[in-house]
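The structure under discussion appears below in the form of structure tokens.
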Amino acid sequence: MSSAVLPHPRIAPSHKLGILFLIAGLWTLSLLDTAGKLLALAGYHVVMIAWMRYTINLLFMAVTLAPLYQRRHGRSILRSNRLGLQLGRGALLLASTLIFFSVLKIVPLAEGTAMNFCAPLIVLAISPWLLGERSYLSRWIAVLVGFTGMLIVIRPSGDIPPHGVALGLVSALTMAFMSILNRKASQADNPMVTLFYGALVGSVLSTLMVPFFWSAHTPTAIELAILVSTGITSTIGHFLQNTAYRHAEASVLTPFFYAQIISASGMGWLVFGQFPDSITVLGIAIICASGIGIAYIEHKRAHPLPPADPMEAV
């Protein structure tokens, strides 16, 4: 039987563009996280920060995204096939934002981001029950390895206080359920509808909450600029992420999500003078390796290579 040489795998040009959009979006969202941490440390309540983030996000999309969607699809962006799902997802997204900003007030950017990246591993662990997906040994190995990395990051001798660890775990769990709702929403509605409802629900709910948590002092010019930037960076970051999925499949993009840990570490060092120690870096690397490894395995499982010899297919 003759042997055949498999072509060297290359990333398609469109996929490269998608990867660039994704990385740009992740770095932009790290700016959002940095602004949230700065404002929280300055004494602003996380509800006020979230209110500014979602309100500016909503106003921007109402002016730009909603009319564009109407022209392209001939229907209002508010028309959803599963309104209850979109409303529930929007409420959970706001809760996730409030929890994560609370984490960042306590925990360095790199460590907080790393703990959040345990969310995909949590999804893998609970997907057989909540999503009816088949369970694979490779997934369980990835979950165990990833959580080993997280235990190294949050070790008792580390710099993260116990309440920061607890909040970080709650944040990761919330992100995991967000991922599940994102999957369901993507099956029900156009991504633009989901993006708009996230901003709408977050803005409405935070507007109802913010009078009880309003900061007493008048923001300085710098603080006001940082507050406004949260809405701008969240809009641009999520837009770039959404654009990335137009150019590349999710299985291609997933490993590159871990680049956000690099941007978070860089911003933590530049702005706050915080950089993970060597043991924490090891834990973060283990979390990244488990996520990237299972993403590669899942991609291979979803896109098996054809047999090298046509006779092998007989």
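Note on naming: chains are A, B, ... as they come in the structure tokens, residues start from 1 per chain, ligands start from 1 in the order shown.
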For stretch 52-68 of chain A: contacts at 6 Å, only C-alpha atoms, fewer than 2 positions along chain excluded, given as a list in words: Ile49, Ala50, Gln70, Arg71, Ile77, Ala199, Leu200, Gly202, Ser203, Thr230, Gly231 and Thr235 of chain A
What does the file look like for those residues with N, CA, C and O atoms, as a PDB file, in the first residue's frame?
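Result file again16.pdb:
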ATOM      1  N   ILE A  49     -19.668  51.624  38.358  1.00  0.00           N
ATOM      2  CA  ILE A  49     -18.780  51.341  37.227  1.00  0.00           C
ATOM      3  C   ILE A  49     -19.523  50.565  36.146  1.00  0.00           C
ATOM      4  O   ILE A  49     -19.433  50.876  34.955  1.00  0.00           O
ATOM      5  N   ALA A  50     -20.284  49.551  36.573  1.00  0.00           N
ATOM      6  CA  ALA A  50     -21.041  48.743  35.615  1.00  0.00           C
ATOM      7  C   ALA A  50     -22.116  49.575  34.923  1.00  0.00           C
ATOM      8  O   ALA A  50     -22.372  49.409  33.720  1.00  0.00           O
ATOM      9  N   GLN A  70     -31.279  46.678  11.317  1.00  0.00           N
ATOM     10  CA  GLN A  70     -32.586  46.884  10.687  1.00  0.00           C
ATOM     11  C   GLN A  70     -32.459  46.881   9.163  1.00  0.00           C
ATOM     12  O   GLN A  70     -33.275  46.274   8.460  1.00  0.00           O
ATOM     13  N   ARG A  71     -31.426  47.541   8.636  1.00  0.00           N
ATOM     14  CA  ARG A  71     -31.241  47.596   7.182  1.00  0.00           C
ATOM     15  C   ARG A  71     -30.880  46.228   6.614  1.00  0.00           C
ATOM     16  O   ARG A  71     -31.344  45.850   5.545  1.00  0.00           O
ATOM     17  N   ILE A  77     -33.894  44.994  16.010  1.00  0.00           N
ATOM     18  CA  ILE A  77     -32.913  44.218  16.762  1.00  0.00           C
ATOM     19  C   ILE A  77     -33.498  43.699  18.078  1.00  0.00           C
ATOM     20  O   ILE A  77     -32.947  42.805  18.718  1.00  0.00           O
ATOM     21  N   ALA A 199     -26.346  44.536  26.521  1.00  0.00           N
ATOM     22  CA  ALA A 199     -26.183  45.935  26.909  1.00  0.00           C
ATOM     23  C   ALA A 199     -27.483  46.518  27.457  1.00  0.00           C
ATOM     24  O   ALA A 199     -27.480  47.262  28.444  1.00  0.00           O
ATOM     25  N   LEU A 200     -28.599  46.176  26.820  1.00  0.00           N
ATOM     26  CA  LEU A 200     -29.891  46.725  27.234  1.00  0.00           C
ATOM     27  C   LEU A 200     -30.261  46.290  28.646  1.00  0.00           C
ATOM     28  O   LEU A 200     -30.599  47.121  29.499  1.00  0.00           O
ATOM     29  N   GLY A 202     -28.296  44.999  30.958  1.00  0.00           N
ATOM     30  CA  GLY A 202     -27.311  45.498  31.912  1.00  0.00           C
ATOM     31  C   GLY A 202     -27.532  46.955  32.251  1.00  0.00           C
ATOM     32  O   GLY A 202     -27.419  47.357  33.419  1.00  0.00           O
ATOM     33  N   SER A 203     -27.883  47.756  31.236  1.00  0.00           N
ATOM     34  CA  SER A 203     -28.113  49.191  31.466  1.00  0.00           C
ATOM     35  C   SER A 203     -29.361  49.423  32.310  1.00  0.00           C
ATOM     36  O   SER A 203     -29.340  50.221  33.265  1.00  0.00           O
ATOM     37  N   THR A 230     -14.820  52.876  30.039  1.00  0.00           N
ATOM     38  CA  THR A 230     -15.324  51.515  30.250  1.00  0.00           C
ATOM     39  C   THR A 230     -16.391  51.157  29.216  1.00  0.00           C
ATOM     40  O   THR A 230     -16.447  50.022  28.739  1.00  0.00           O
ATOM     41  N   GLY A 231     -17.241  52.133  28.881  1.00  0.00           N
ATOM     42  CA  GLY A 231     -18.258  51.878  27.865  1.00  0.00           C
ATOM     43  C   GLY A 231     -17.660  51.746  26.476  1.00  0.00           C
ATOM     44  O   GLY A 231     -18.101  50.926  25.668  1.00  0.00           O
ATOM     45  N   THR A 235     -17.473  48.171  24.281  1.00  0.00           N
ATOM     46  CA  THR A 235     -18.117  48.138  22.966  1.00  0.00           C
ATOM     47  C   THR A 235     -17.135  47.678  21.892  1.00  0.00           C
ATOM     48  O   THR A 235     -17.432  46.772  21.107  1.00  0.00           O
TER      49      THR A 235
END
If we count only C-alpha atoms, what is near A:Gly88 at a cut-off of 12 Å, once residues fewer than 2 positions away on the same chain are taken out, given as JSON, numbers by chain?
{"A": [82, 83, 84, 85, 86, 90, 91, 92, 93, 94, 95, 177, 178, 180, 181, 182, 184, 185, 194, 197, 198, 200, 201, 202, 205]}
Review point. Mind pulling up the distance from atom CA of A:His238 to atom CA of A:Leu78?
Key: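 Taking atom CA of A:Leu78 and atom CA of A:His238, their separation equals 18.6 Å.
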Could you pull the residues within 12 Å of A:Pro108, counting only C-alpha atoms, minus those fewer than 2 positions along the same chain, as a tab-separated table (two decimals) with N, CA and C atoms, in the first residue's frame?
chain	number	residue	atom	x	y	z
A	33	ASP	N	-10.85	45.96	31.99
A	33	ASP	CA	-10.60	45.40	33.32
A	33	ASP	C	-9.68	46.31	34.12
A	34	THR	N	-8.69	46.88	33.45
A	34	THR	CA	-7.76	47.80	34.14
A	34	THR	C	-8.51	49.03	34.64
A	37	LYS	N	-10.60	48.14	37.67
A	37	LYS	CA	-9.79	48.00	38.88
A	37	LYS	C	-9.37	49.37	39.41
A	38	LEU	N	-8.96	50.27	38.51
A	38	LEU	CA	-8.57	51.62	38.92
A	38	LEU	C	-9.72	52.33	39.63
A	41	LEU	N	-10.52	50.78	43.07
A	41	LEU	CA	-9.53	51.18	44.07
A	41	LEU	C	-9.68	52.65	44.46
A	100	PHE	N	-16.82	40.16	38.83
A	100	PHE	CA	-15.43	40.22	38.37
A	100	PHE	C	-14.77	41.54	38.76
A	101	PHE	N	-15.50	42.65	38.66
A	101	PHE	CA	-14.92	43.92	39.12
A	101	PHE	C	-14.63	43.87	40.62
A	102	SER	N	-15.46	43.16	41.37
A	102	SER	CA	-15.20	43.00	42.81
A	102	SER	C	-13.94	42.16	43.04
A	103	VAL	N	-13.75	41.16	42.20
A	103	VAL	CA	-12.53	40.34	42.28
A	103	VAL	C	-11.30	41.20	42.01
A	104	LEU	N	-11.37	42.03	40.96
A	104	LEU	CA	-10.22	42.83	40.57
A	104	LEU	C	-9.86	43.88	41.62
A	105	LYS	N	-10.81	44.24	42.46
A	105	LYS	CA	-10.50	45.18	43.54
A	105	LYS	C	-9.57	44.54	44.57
A	106	ILE	N	-9.60	43.21	44.64
A	106	ILE	CA	-8.84	42.46	45.66
A	106	ILE	C	-7.63	41.76	45.06
A	110	ALA	N	-3.65	39.65	36.55
A	110	ALA	CA	-3.26	38.38	35.96
A	110	ALA	C	-3.93	37.21	36.66
A	111	GLU	N	-3.88	37.22	38.01
A	111	GLU	CA	-4.46	36.11	38.77
A	111	GLU	C	-5.99	36.07	38.61
A	112	GLY	N	-6.63	37.26	38.62
A	112	GLY	CA	-8.08	37.29	38.45
A	112	GLY	C	-8.49	36.77	37.09
A	113	THR	N	-7.75	37.16	36.05
A	113	THR	CA	-8.05	36.68	34.71
A	113	THR	C	-7.82	35.19	34.60
A	114	ALA	N	-6.74	34.69	35.22
A	114	ALA	CA	-6.44	33.27	35.17
A	114	ALA	C	-7.54	32.44	35.83
A	115	MET	N	-8.05	32.91	36.95
A	115	MET	CA	-9.13	32.16	37.61
A	115	MET	C	-10.38	32.12	36.75
A	153	VAL	N	-2.28	28.66	41.70
A	153	VAL	CA	-2.46	30.12	41.68
A	153	VAL	C	-3.02	30.62	43.01
A	154	ILE	N	-3.99	29.90	43.58
A	154	ILE	CA	-4.68	30.38	44.79
A	154	ILE	C	-4.13	29.72	46.06
A	158	GLY	N	0.16	32.09	48.77
A	158	GLY	CA	0.19	33.10	47.73
A	158	GLY	C	-0.30	34.45	48.22
A	159	ASP	N	-0.46	35.38	47.26
A	159	ASP	CA	-0.83	36.76	47.61
A	159	ASP	C	-2.33	37.00	47.61
A	160	ILE	N	-3.13	36.01	47.25
A	160	ILE	CA	-4.58	36.21	47.14
A	160	ILE	C	-5.24	35.90	48.48
A	161	PRO	N	-5.97	36.85	49.08
A	161	PRO	CA	-6.65	36.60	50.35
A	161	PRO	C	-7.81	35.63	50.15
A	164	GLY	N	-10.82	36.83	48.34
A	164	GLY	CA	-10.54	37.01	46.92
A	164	GLY	C	-10.62	35.70	46.17
A	165	VAL	N	-10.15	34.63	46.80
A	165	VAL	CA	-10.25	33.28	46.21
A	165	VAL	C	-11.71	32.89	46.04
A	168	GLY	N	-13.27	34.84	43.31
A	168	GLY	CA	-12.73	34.39	42.03
A	168	GLY	C	-13.40	33.12	41.56
A	261	ILE	N	-4.38	36.55	29.16
A	261	ILE	CA	-3.60	36.48	30.38
A	261	ILE	C	-2.30	37.28	30.21
A	264	ALA	N	-3.31	40.91	30.44
A	264	ALA	CA	-3.65	41.24	31.83
A	264	ALA	C	-2.39	41.36	32.68
A	265	SER	N	-1.44	40.47	32.45
A	265	SER	CA	-0.18	40.54	33.19
A	265	SER	C	0.57	41.82	32.86
A	266	GLY	N	0.57	42.18	31.56
A	266	GLY	CA	1.25	43.40	31.14
A	266	GLY	C	0.62	44.65	31.73
A	267	MET	N	-0.72	44.73	31.71
A	267	MET	CA	-1.40	45.89	32.27
A	267	MET	C	-1.25	45.93	33.78
A	268	GLY	N	-1.28	44.77	34.43
A	268	GLY	CA	-1.09	44.73	35.88
A	268	GLY	C	0.28	45.24	36.28
A	269	TRP	N	1.29	44.91	35.47
A	269	TRP	CA	2.65	45.37	35.76
A	269	TRP	C	2.81	46.86	35.46
A	271	VAL	N	0.46	49.32	35.14
A	271	VAL	CA	-0.41	50.27	35.84
A	271	VAL	C	-0.33	50.12	37.36
A	272	PHE	N	-0.24	48.87	37.83
A	272	PHE	CA	-0.32	48.63	39.28
A	272	PHE	C	0.99	48.11	39.88
A	273	GLY	N	1.99	47.87	39.03
A	273	GLY	CA	3.25	47.34	39.55
A	273	GLY	C	3.13	45.94	40.10
A	274	GLN	N	2.14	45.19	39.60
A	274	GLN	CA	1.90	43.82	40.07
A	274	GLN	C	2.27	42.83	38.96
A	275	PHE	N	3.13	41.87	39.31
A	275	PHE	CA	3.48	40.82	38.35
A	275	PHE	C	3.52	39.50	39.10
A	276	PRO	N	2.94	38.44	38.53
A	276	PRO	CA	2.90	37.15	39.24
A	276	PRO	C	4.29	36.63	39.55
A	277	ASP	N	4.43	35.97	40.71
A	277	ASP	CA	5.71	35.33	41.02
A	277	ASP	C	5.86	34.05	40.21
A	280	THR	N	3.18	31.31	40.73
A	280	THR	CA	1.89	31.69	40.14
A	280	THR	C	1.93	31.59	38.62
